[in-house]
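Dumped coords30.txt below, it's compact mmCIF, C-alpha atoms and all ligand atoms:
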# COMPACT_ATOMS: atom_id res chain seq x y z
CA MET P 91 4.35 16.37 19.92
CA LYS P 92 8.02 16.21 19.06
CA THR P 93 8.65 13.24 16.78
CA LYS P 94 11.87 11.35 17.31
CA ILE P 95 13.57 10.59 13.99
CA ILE P 96 15.46 7.29 14.11
CA THR P 97 17.66 6.26 11.20
CA ILE P 98 18.08 2.51 10.68
CA GLU P 99 19.86 1.34 7.58
CA ASN P 100 21.34 -1.91 8.72
CA ILE P 101 20.00 -4.11 11.50
CA ASN P 102 23.48 -5.23 12.52
CA ASN P 103 24.99 -1.77 12.86
CA ASP P 104 21.95 0.04 14.19
CA ARG P 105 20.98 -2.18 17.11
CA SER P 106 20.58 0.58 19.67
CA GLN P 107 18.25 2.44 17.30
CA ILE P 108 16.08 -0.69 16.96
CA GLN P 109 16.06 -1.00 20.75
CA GLU P 110 14.98 2.60 21.08
CA ALA P 111 12.11 2.22 18.61
CA ALA P 112 11.01 -1.06 20.24
CA MET P 113 10.98 0.60 23.65
CA ILE P 114 8.78 3.45 22.41
CA LEU P 115 6.31 0.83 21.13
CA GLN P 116 6.42 -1.06 24.44
CA ASN P 117 5.69 2.19 26.27
CA GLY P 118 2.54 2.85 24.27
CA GLY P 119 4.00 5.13 21.62
CA ILE P 120 3.29 4.94 17.90
CA VAL P 121 6.22 4.41 15.53
CA ALA P 122 6.37 4.55 11.73
CA PHE P 123 8.56 1.81 10.26
CA PRO P 124 9.57 0.52 6.83
CA THR P 125 8.09 -2.58 5.24
CA GLU P 126 8.66 -4.06 1.78
CA THR P 127 5.19 -2.95 0.66
CA VAL P 128 4.76 0.55 2.13
CA TYR P 129 5.74 2.21 5.43
CA GLY P 130 3.49 1.33 8.37
CA LEU P 131 2.46 3.24 11.50
CA GLY P 132 2.65 0.79 14.39
CA ALA P 133 1.45 0.33 17.94
CA ASP P 134 1.45 -2.51 20.47
CA VAL P 135 -1.57 -4.60 19.50
CA TYR P 136 -2.50 -5.18 23.16
CA ASN P 137 -2.54 -1.47 24.09
CA PRO P 138 -5.91 0.04 23.06
CA LYS P 139 -4.79 3.58 23.97
CA ALA P 140 -1.82 3.29 21.64
CA ILE P 141 -4.09 1.90 18.92
CA GLN P 142 -6.40 4.91 19.32
CA LYS P 143 -3.42 7.19 18.68
CA ILE P 144 -2.97 5.59 15.26
CA TYR P 145 -6.53 6.45 14.22
CA GLN P 146 -6.05 9.99 15.51
CA ALA P 147 -2.69 10.59 13.86
CA LYS P 148 -3.93 9.38 10.47
CA GLY P 149 -7.42 10.84 10.68
CA ARG P 150 -8.59 7.29 9.95
CA PRO P 151 -12.29 6.38 10.18
CA GLY P 152 -12.85 4.27 13.30
CA ASP P 153 -14.58 1.48 11.38
CA ASN P 154 -11.50 0.61 9.32
CA PRO P 155 -9.53 -2.20 11.06
CA LEU P 156 -5.74 -2.52 11.21
CA ILE P 157 -3.36 -5.23 10.02
CA VAL P 158 -1.44 -6.95 12.81
CA HIS P 159 2.22 -7.57 12.01
CA ILE P 160 3.98 -10.61 13.46
CA HIS P 161 7.49 -12.04 13.16
CA ASN P 162 6.86 -15.73 13.78
CA ILE P 163 4.11 -18.16 12.92
CA ASP P 164 3.41 -19.07 16.56
CA GLN P 165 1.98 -15.59 17.04
CA MET P 166 -0.78 -16.51 14.58
CA ALA P 167 -2.36 -18.89 17.08
CA MET P 168 -2.33 -16.19 19.78
CA LEU P 169 -4.24 -13.72 17.64
CA ALA P 170 -6.57 -16.02 15.67
CA LYS P 171 -8.71 -19.07 16.34
CA ASN P 172 -10.22 -21.91 14.27
CA ILE P 173 -7.30 -21.43 11.91
CA PRO P 174 -7.82 -23.47 8.72
CA PRO P 175 -4.87 -25.62 7.56
CA GLU P 176 -4.56 -23.54 4.37
CA ALA P 177 -3.50 -20.59 6.51
CA TYR P 178 -0.39 -22.51 7.52
CA ASP P 179 0.30 -23.56 3.93
CA LEU P 180 0.03 -19.96 2.75
CA ALA P 181 2.13 -18.66 5.64
CA LYS P 182 4.84 -21.17 4.75
CA ALA P 183 4.72 -20.25 1.09
CA PHE P 184 4.43 -16.45 1.27
CA TRP P 185 5.66 -15.25 4.68
CA PRO P 186 7.58 -13.24 5.37
CA GLY P 187 6.08 -11.25 2.51
CA PRO P 188 3.27 -9.15 1.05
CA LEU P 189 0.28 -11.34 1.97
CA THR P 190 -2.27 -10.49 4.69
CA LEU P 191 -4.56 -13.24 5.95
CA ILE P 192 -8.00 -12.56 7.45
CA LEU P 193 -8.80 -15.12 10.14
CA GLU P 194 -11.29 -15.46 12.98
CA ALA P 195 -9.98 -13.21 15.78
CA SER P 196 -9.12 -14.72 19.14
CA ASP P 197 -10.65 -13.13 22.22
CA ASN P 198 -7.52 -11.25 23.22
CA VAL P 199 -7.42 -8.98 20.17
CA PRO P 200 -8.75 -5.57 21.27
CA GLU P 201 -11.81 -4.23 19.48
CA ALA P 202 -9.91 -1.12 18.48
CA VAL P 203 -7.72 -3.27 16.20
CA THR P 204 -10.53 -5.17 14.48
CA ALA P 205 -12.91 -2.20 14.49
CA GLY P 206 -15.47 -4.48 16.08
CA LEU P 207 -15.26 -7.22 13.42
CA THR P 208 -14.99 -10.87 14.47
CA THR P 209 -11.93 -11.30 12.22
CA VAL P 210 -8.33 -10.15 12.39
CA ALA P 211 -5.82 -9.36 9.62
CA LEU P 212 -2.31 -10.84 10.02
CA ARG P 213 0.89 -10.32 8.07
CA MET P 214 4.56 -11.13 8.51
CA PRO P 215 6.57 -8.49 6.64
CA SER P 216 9.89 -9.38 5.00
CA ASN P 217 11.71 -6.07 5.43
CA PRO P 218 14.61 -6.89 7.82
CA VAL P 219 14.18 -3.71 9.88
CA ALA P 220 10.47 -4.47 10.34
CA LEU P 221 11.17 -8.06 11.35
CA LYS P 222 13.89 -7.06 13.81
CA LEU P 223 11.69 -4.36 15.30
CA LEU P 224 8.83 -6.84 15.78
CA GLU P 225 11.14 -9.35 17.36
CA THR P 226 12.71 -6.77 19.68
CA ALA P 227 9.40 -5.23 20.72
CA GLY P 228 8.23 -8.76 21.55
CA VAL P 229 4.58 -7.97 20.87
CA PRO P 230 2.61 -8.06 17.62
CA ILE P 231 2.33 -4.60 16.10
CA ALA P 232 -0.91 -3.29 14.63
CA ALA P 233 -0.09 -1.02 11.71
CA PRO P 234 -1.94 0.59 8.84
CA SER P 235 0.00 2.37 6.12
CA ALA P 236 1.81 5.42 7.53
CA ASN P 237 0.00 8.07 5.48
CA LEU P 238 -2.70 10.56 6.40
CA SER P 239 -6.03 8.95 5.54
CA GLY P 240 -6.87 9.45 1.87
CA ARG P 241 -3.29 10.22 0.74
CA PRO P 242 -1.13 7.82 -1.28
CA SER P 243 0.63 5.25 0.91
CA PRO P 244 4.21 6.22 1.79
CA THR P 245 6.98 4.31 0.04
CA ARG P 246 9.85 6.52 1.25
CA ALA P 247 10.68 7.87 4.69
CA GLU P 248 10.28 11.46 3.50
CA HIS P 249 6.62 10.75 2.65
CA VAL P 250 6.05 9.61 6.22
CA ILE P 251 7.71 12.75 7.58
CA GLU P 252 5.52 14.84 5.26
CA ASP P 253 2.35 13.26 6.71
CA LEU P 254 3.16 12.36 10.31
CA ASN P 255 5.91 14.59 11.67
CA GLY P 256 4.59 15.91 15.00
CA LYS P 257 1.88 13.22 15.10
CA ALA P 258 3.83 10.08 16.05
CA GLU P 259 6.31 9.41 18.83
CA ALA P 260 8.89 8.21 16.32
CA ILE P 261 9.54 7.77 12.61
CA ILE P 262 12.15 5.31 11.40
CA ILE P 263 14.07 6.50 8.36
CA SER P 264 15.13 3.55 6.25
CA GLU P 265 15.25 2.31 2.66
CA LYS P 266 12.47 2.88 0.17
CA SER P 267 9.79 0.19 0.02
CA LYS P 268 10.84 -2.35 -2.60
CA ILE P 269 7.34 -3.36 -3.71
CA GLY P 270 5.62 0.01 -3.33
CA ILE P 271 1.97 -1.04 -3.06
CA GLU P 272 0.14 -2.62 -0.14
CA SER P 273 -0.11 -6.35 0.55
CA THR P 274 -2.66 -8.72 -0.94
CA VAL P 275 -5.49 -9.12 1.58
CA LEU P 276 -6.98 -12.63 1.48
CA ASP P 277 -10.08 -13.47 3.50
CA LEU P 278 -9.79 -17.01 4.88
CA SER P 279 -12.83 -16.63 7.12
CA VAL P 280 -15.11 -17.44 4.17
CA LYS P 281 -15.27 -20.33 1.71
CA PRO P 282 -14.08 -20.06 -0.95
CA ALA P 283 -11.39 -17.65 0.24
CA ARG P 284 -11.65 -14.20 -1.28
CA ILE P 285 -9.22 -11.46 -2.24
CA LEU P 286 -10.35 -8.25 -0.54
CA ARG P 287 -7.44 -6.22 -1.86
CA PRO P 288 -5.19 -7.31 -4.74
CA GLY P 289 -1.44 -7.04 -4.13
CA SER P 290 1.75 -8.45 -5.54
CA VAL P 291 0.84 -11.98 -4.46
CA SER P 292 -1.53 -12.75 -7.33
CA ARG P 293 -4.70 -14.79 -7.45
CA LYS P 294 -2.90 -17.27 -9.68
CA GLU P 295 -0.15 -17.83 -7.11
CA LEU P 296 -2.73 -18.31 -4.35
CA HIS P 297 -4.68 -20.76 -6.49
CA ILE P 298 -1.85 -23.24 -6.16
CA TYR P 299 -2.76 -23.60 -2.48
CA LEU P 300 -6.53 -23.11 -2.35
CA ALA P 301 -9.65 -22.12 -4.24
CA VAL P 302 -10.01 -18.34 -4.43
CA GLY P 303 -13.35 -16.73 -5.32
CA GLU P 304 -13.90 -13.49 -7.22
CA GLU P 305 -12.32 -10.27 -5.96
CA GLU P 306 -14.57 -8.06 -3.87
CA GLN P 307 -16.05 -5.20 -5.87
CA ASP P 308 -15.25 -1.76 -4.48
CA SER P 309 -18.66 -0.27 -5.04
CA ALA P 310 -20.18 -2.39 -2.25
CA ILE P 311 -21.77 -0.26 0.48
CA HIS P 312 -20.90 -2.76 3.19
CA PRO P 313 -17.71 -4.31 1.87
CA LYS P 314 -16.08 -7.16 3.73
CA SER P 315 -12.95 -5.01 3.87
CA PRO P 316 -14.08 -1.71 5.37
CA GLY P 317 -11.13 0.08 3.77
CA ASN P 318 -12.66 -0.53 0.35
CA LYS P 319 -15.47 1.94 0.84
CA TYR P 320 -13.17 4.92 1.24
CA ARG P 321 -11.64 6.84 -1.65
CA HIS P 322 -7.98 5.95 -1.42
CA TYR P 323 -4.68 6.76 -2.99
CA ALA P 324 -5.99 9.96 -4.47
CA PRO P 325 -3.77 12.79 -5.69
CA LYS P 326 -5.12 16.30 -5.13
CA GLY P 327 -5.48 17.03 -8.85
CA ASP P 328 -8.10 15.58 -11.22
CA PHE P 329 -6.89 12.21 -12.41
CA PHE P 330 -7.93 10.30 -15.56
CA MET P 331 -6.95 7.10 -17.34
CA ILE P 332 -6.23 7.27 -21.06
CA THR P 333 -7.79 4.16 -22.60
CA GLY P 334 -7.61 2.32 -25.89
CA SER P 335 -5.03 0.65 -28.10
CA ASN P 336 -1.51 2.10 -28.14
CA ARG P 337 -2.39 4.05 -31.28
CA GLU P 338 -5.55 5.45 -29.68
CA LYS P 339 -3.73 6.32 -26.47
CA ALA P 340 -1.05 8.11 -28.48
CA GLU P 341 -3.68 10.06 -30.43
CA LYS P 342 -5.52 11.06 -27.26
CA THR P 343 -2.23 12.15 -25.72
CA GLU P 344 -1.32 14.28 -28.72
CA LYS P 345 -4.71 15.91 -28.63
CA ILE P 346 -4.30 16.81 -24.94
CA LEU P 347 -0.81 18.18 -25.62
CA SER P 348 -1.98 20.36 -28.49
CA GLU P 349 -4.88 21.92 -26.63
CA PRO P 350 -4.26 25.03 -24.53
CA ALA P 351 -4.54 24.21 -20.82
CA ASP P 352 -5.58 26.61 -18.03
CA SER P 353 -3.15 24.99 -15.63
CA GLU P 354 -0.24 22.60 -15.67
CA ILE P 355 -0.91 19.01 -16.64
CA ARG P 356 1.08 15.78 -16.55
CA ILE P 357 0.61 12.63 -18.57
CA MET P 358 2.09 9.52 -16.95
CA MET P 359 3.11 6.96 -19.53
CA THR P 360 5.43 4.08 -20.36
CA LYS P 361 8.48 4.49 -22.58
CA GLU P 362 6.65 2.32 -25.08
CA LEU P 363 3.78 4.80 -25.45
CA GLN P 364 6.18 7.73 -25.55
CA LYS P 365 7.75 6.15 -28.66
CA GLU P 366 4.33 6.05 -30.35
CA LEU P 367 4.07 9.84 -30.17
CA SER P 368 5.19 12.06 -33.03
CA PRO P 369 8.86 13.07 -32.59
CA ASP P 370 8.07 16.69 -31.69
CA LYS P 371 5.83 15.51 -28.81
CA GLN P 372 8.16 12.89 -27.35
CA LYS P 373 10.12 15.40 -25.27
CA HIS P 374 7.12 17.47 -24.19
CA THR P 375 7.55 18.80 -20.62
CA SER P 376 4.05 17.59 -19.69
CA LEU P 377 5.06 13.96 -20.12
CA LEU P 378 6.06 11.93 -17.08
CA VAL P 379 7.68 8.72 -18.23
CA ILE P 380 7.17 6.12 -15.50
CA GLY P 381 9.31 3.31 -16.90
CA SER P 382 9.24 0.48 -19.38
CA ILE P 383 6.52 -2.13 -19.53
CA LYS P 384 9.37 -4.64 -19.65
CA ASP P 385 10.09 -3.73 -16.02
CA PRO P 386 6.63 -3.54 -14.38
CA GLU P 387 8.04 -3.80 -10.82
CA HIS P 388 9.78 -0.46 -11.29
CA ILE P 389 6.59 1.23 -12.49
CA ILE P 390 4.68 -0.17 -9.52
CA ALA P 391 7.35 0.72 -6.95
CA ASP P 392 7.40 4.41 -7.90
CA PHE P 393 3.69 4.99 -8.54
CA TYR P 394 2.69 6.47 -5.17
CA SER P 395 5.85 8.53 -5.05
CA HIS P 396 4.96 10.10 -8.41
CA LEU P 397 1.48 10.96 -7.16
CA ARG P 398 2.97 12.72 -4.16
CA ASP P 399 5.45 14.65 -6.35
CA LEU P 400 2.62 15.78 -8.61
CA ASP P 401 0.71 17.02 -5.57
CA GLN P 402 3.71 18.95 -4.38
CA GLN P 403 4.03 20.59 -7.78
CA HIS P 404 0.31 21.47 -7.60
CA ILE P 405 -0.42 19.78 -10.90
CA GLN P 406 -4.16 20.15 -11.36
CA THR P 407 -4.85 17.63 -14.10
CA ILE P 408 -3.11 14.29 -14.32
CA TYR P 409 -3.53 11.55 -16.90
CA ILE P 410 -2.15 8.05 -16.84
CA GLU P 411 -1.92 5.57 -19.65
CA GLN P 412 -4.15 2.58 -18.93
CA ILE P 413 -1.91 -0.47 -18.77
CA PRO P 414 -3.63 -3.85 -19.21
CA ASP P 415 -3.81 -6.32 -16.28
CA ALA P 416 -1.96 -8.91 -18.33
CA LEU P 417 1.11 -6.65 -18.58
CA ILE P 418 1.28 -5.10 -15.13
CA GLY P 419 -0.94 -7.20 -12.85
CA ARG P 420 -4.29 -6.68 -11.19
CA ALA P 421 -2.87 -4.90 -8.13
CA PHE P 422 -1.48 -1.91 -10.04
CA VAL P 423 -4.63 -1.62 -12.16
CA ASN P 424 -6.69 -1.64 -8.95
CA ARG P 425 -4.65 1.24 -7.46
CA VAL P 426 -4.94 3.28 -10.65
CA GLU P 427 -8.70 2.67 -10.73
CA LYS P 428 -8.96 3.84 -7.13
CA ALA P 429 -6.74 6.88 -7.56
CA THR P 430 -8.61 8.00 -10.69
CA GLY P 431 -11.98 7.03 -9.24
CA GLY P 432 -12.41 5.10 -12.52
CA LYS P 433 -12.46 8.29 -14.63
CA THR P 434 -11.34 7.67 -18.20
CA ILE P 435 -10.90 9.54 -21.44
O1 LIG F 501 1.14 -3.82 2.92
C1 LIG F 501 0.34 -3.55 3.80
O2 LIG F 501 -0.65 -4.27 4.02
C2 LIG F 501 0.60 -2.31 4.66
C3 LIG F 501 1.86 -2.53 5.48
C4 LIG F 501 2.11 -1.43 6.46
O3 LIG F 501 1.82 -3.78 6.09
N1 LIG F 501 -0.53 -2.02 5.49
C5 LIG F 501 -1.69 -1.54 5.01
O4 LIG F 501 -2.63 -1.28 6.00
O5 LIG F 501 -1.90 -1.34 3.85
P1 LIG F 501 -3.97 -0.42 5.72
O6 LIG F 501 -4.56 -0.21 7.05
O7 LIG F 501 -3.63 0.78 4.95
O8 LIG F 501 -4.88 -1.39 4.94
C6 LIG F 501 -5.44 -2.51 5.60
C7 LIG F 501 -6.61 -3.02 4.83
C8 LIG F 501 -7.79 -2.09 4.92
O9 LIG F 501 -8.43 -2.03 3.66
C9 LIG F 501 -8.67 -2.76 5.97
O10 LIG F 501 -10.03 -2.46 5.79
C10 LIG F 501 -8.36 -4.22 5.72
O11 LIG F 501 -7.00 -4.26 5.40
N2 LIG F 501 -8.60 -5.04 6.91
C11 LIG F 501 -7.97 -5.03 8.11
N3 LIG F 501 -8.50 -5.90 8.96
C12 LIG F 501 -9.52 -6.49 8.32
C13 LIG F 501 -10.48 -7.48 8.66
N4 LIG F 501 -10.50 -8.04 9.86
N5 LIG F 501 -11.40 -7.85 7.72
C14 LIG F 501 -11.38 -7.31 6.50
N6 LIG F 501 -10.50 -6.36 6.10
C15 LIG F 501 -9.59 -5.96 7.00
MG MG F 502 -3.75 2.45 3.96

Take the structure in the file and give it back as structure tokens.
Ligand code: TXA
Ligand code: MG
Amino acid sequence: MKTKIITIENINNDRSQIQEAAMILQNGGIVAFPTETVYGLGADVYNPKAIQKIYQAKGRPGDNPLIVHIHNIDQMAMLAKNIPPEAYDLAKAFWPGPLTLILEASDNVPEAVTAGLTTVALRMPSNPVALKLLETAGVPIAAPSANLSGRPSPTRAEHVIEDLNGKAEAIIISEKSKIGIESTVLDLSVKPARILRPGSVSRKELHIYLAVGEEEQDSAIHPKSPGNKYRHYAPKGDFFMITGSNREKAEKTEKILSEPADSEIRIMMTKELQKELSPDKQKHTSLLVIGSIKDPEHIIADFYSHLRDLDQQHIQTIYIEQIPDALIGRAFVNRVEKATGGKTI
């Protein structure tokens, strides 16, 4: 398949490009588009054949449902039923934005979208290109992240091209994703509500509006969120967290750097840990400084991109400094745990 590349930087200047992408969606094509979290690969929610193409293009297991993207709150009532009042409160507070709500699915949501579950995942993205595309297409758009299954989610258009060129009808080239990790998934079909996937909307923020139970544990064999049973976000190399106090992390790092390695390694760390290293180690070429802990958003936004770069450089062993929840948030820690498979040194 020849993939049409459509560049959209500004929704006011690039109207015909938006039209073109919307038309491809209306005609049953699949289109990758930017969102503020990560790029998504979209299809008309009411077209099961188009939905099937998404699973095929990504190599996604058929039992992993898709998030449906909408651009106005009225669409919620078309896709879900028995909607609890909290859903409207949360939508008002966090939409458009990085929060996905799991609700009871209405009868007109195709099985291909929900993977046979009785619930549906809904999100209104805040990226202006995404919103304009949804509005122009006029139908809700089912879209998982626009990566091949098992690869880090794409935060830049070039990542999408890397994974999906030749596999989708169109790819929209636009700005890099500002947040850089996927939305918070909150299950409102149970009481108390439960976070199935942590994201930048934190449990604490949600707590203002409703009671939120404990986060689902990933090791579950039949998790509520089917996506949680797959190994995600994994770089091709071996990946470990370096744990301990700053002093211990620095010592472990120095030990790694002083041992002969069979192949190239990289150690991802904050500027703050870099400063803990002895002066002769601070400029070591195996270090990858990922930002300052004073600017956690920047570290989060570039994380997946770093993993992809390390893959491209065929780095076989990767380490990352463990950063505490309290400093960087649960969502980032969750992604690191998944990418490393929980392996620590
Ligand atoms: O930020 C995001 O959410 C991005 C952008 C494109 O919006 N999308 C995204 O989609 O991350 P995906 O498919 O990579 O992740 C969706 C997650 C999966 O873990 C899936 O299992 C879960 O949401 N999910 C979808 N529908 C569900 C449902 N009805 N019940 C429970 N979990 C569901
Ligand atoms: Mg994904």

**Q.** Contacts of Ile96 of chain P within 8 Å, only C-alpha atoms, excl. fewer than 5 positions in-chain, as an MDAnalysis selection string
**A.** chainID P and resid 107 111 260:263

Q) Between P:Asn162, P:Ser353, P:Ser290, P:Gln412, which has the minimum distance to Gly270 of chain P (counting only C-alpha atoms)? A) P:Ser290

(Q) Can you tell me which residues surround segment 124-134 of chain P at a distance of at most 6 Å, considering only C-alpha atoms, apart from same-chain residues fewer than 3 positions away, and format the answer as a ChimeraX atom specification? (A) /P:115,120-121,137,140-141,217,220,231-236,244-245,267-272

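With all atoms listed in the file as the atoms that count, the residue of P:Asn172, P:Thr93, P:Thr333, P:Ser279 with the shortest distance to ligand LIG 501 (chain F) is P:Ser279.
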
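Going from atom CA of Asp415 of chain P over to atom CA of Gly431 of chain P, you cover 17.2 Å.
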
**Q.** Spatial neighbours of Thr208 of chain P, max dist 8 Å, only C-alpha atoms, sep filter under 2 positions, as a PyMOL selection string
**A.** chain P and resi 194-195+204+206+210

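Between Pro325 of chain P and the residues P:Ile108, P:Leu397, P:Val426, P:Ile405, the shortest atom-to-atom distance, using only C-alpha atoms, involves P:Leu397.
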
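Picture a line from atom CA of Ile413 of chain P to atom CA of Pro350 of chain P; it runs 26.2 Å.
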
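Counting all atoms listed in the file and comparing P:Val199, P:Ala205, P:Val158, P:Ala324, the residue that lies closest to Ser395 of chain P is P:Ala324.
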
Regenerate segment 167-175 of chain P at the level of all heavy atoms and dump it as a CSV table (one decimal), in the frame of the given file.
chain,number,residue,atom,x,y,z
P,167,ALA,N,-1.4,-18.2,16.2
P,167,ALA,CA,-2.4,-18.9,17.1
P,167,ALA,C,-2.8,-18.1,18.3
P,167,ALA,O,-3.8,-18.4,19.0
P,167,ALA,CB,-1.8,-20.2,17.5
P,168,MET,N,-2.0,-17.0,18.6
P,168,MET,CA,-2.3,-16.2,19.8
P,168,MET,C,-3.4,-15.1,19.4
P,168,MET,O,-4.1,-14.7,20.2
P,168,MET,CB,-1.1,-15.5,20.3
P,168,MET,CG,-0.1,-16.5,21.0
P,168,MET,SD,1.5,-15.8,21.1
P,168,MET,CE,1.2,-14.4,22.1
P,169,LEU,N,-3.4,-14.8,18.1
P,169,LEU,CA,-4.2,-13.7,17.6
P,169,LEU,C,-5.5,-14.2,16.9
P,169,LEU,O,-6.5,-13.5,16.8
P,169,LEU,CB,-3.5,-12.8,16.7
P,169,LEU,CG,-2.3,-12.1,17.4
P,169,LEU,CD1,-1.2,-11.7,16.3
P,169,LEU,CD2,-2.7,-10.9,18.1
P,170,ALA,N,-5.4,-15.5,16.4
P,170,ALA,CA,-6.6,-16.0,15.7
P,170,ALA,C,-7.0,-17.4,16.3
P,170,ALA,O,-6.3,-18.0,17.0
P,170,ALA,CB,-6.2,-16.2,14.2
P,171,LYS,N,-8.2,-17.7,15.9
P,171,LYS,CA,-8.7,-19.1,16.3
P,171,LYS,C,-9.4,-19.8,15.2
P,171,LYS,O,-9.7,-19.2,14.1
P,171,LYS,CB,-9.7,-18.9,17.5
P,171,LYS,CG,-10.9,-18.2,17.3
P,171,LYS,CD,-11.7,-18.0,18.5
P,171,LYS,CE,-13.0,-17.2,18.2
P,171,LYS,NZ,-13.7,-16.8,19.4
P,172,ASN,N,-9.7,-21.1,15.4
P,172,ASN,CA,-10.2,-21.9,14.3
P,172,ASN,C,-9.4,-21.7,13.0
P,172,ASN,O,-10.0,-21.5,11.9
P,172,ASN,CB,-11.7,-21.6,14.0
P,172,ASN,CG,-12.5,-21.8,15.3
P,172,ASN,OD1,-12.2,-22.7,16.1
P,172,ASN,ND2,-13.5,-21.0,15.5
P,173,ILE,N,-8.1,-21.7,13.1
P,173,ILE,CA,-7.3,-21.4,11.9
P,173,ILE,C,-7.4,-22.6,10.9
P,173,ILE,O,-7.0,-23.7,11.3
P,173,ILE,CB,-5.8,-21.2,12.4
P,173,ILE,CG1,-5.8,-20.0,13.3
P,173,ILE,CG2,-4.9,-20.9,11.2
P,173,ILE,CD1,-4.5,-19.8,14.0
P,174,PRO,N,-7.8,-22.4,9.7
P,174,PRO,CA,-7.8,-23.5,8.7
P,174,PRO,C,-6.4,-23.9,8.3
P,174,PRO,O,-5.5,-23.0,8.3
P,174,PRO,CB,-8.6,-22.9,7.5
P,174,PRO,CG,-8.4,-21.4,7.6
P,174,PRO,CD,-8.2,-21.1,9.1
P,175,PRO,N,-6.2,-25.1,7.9
P,175,PRO,CA,-4.9,-25.6,7.6
P,175,PRO,C,-4.3,-24.8,6.4
P,175,PRO,O,-3.0,-24.6,6.4
P,175,PRO,CB,-5.1,-27.1,7.2
P,175,PRO,CG,-6.6,-27.3,7.2
P,175,PRO,CD,-7.2,-26.2,7.9
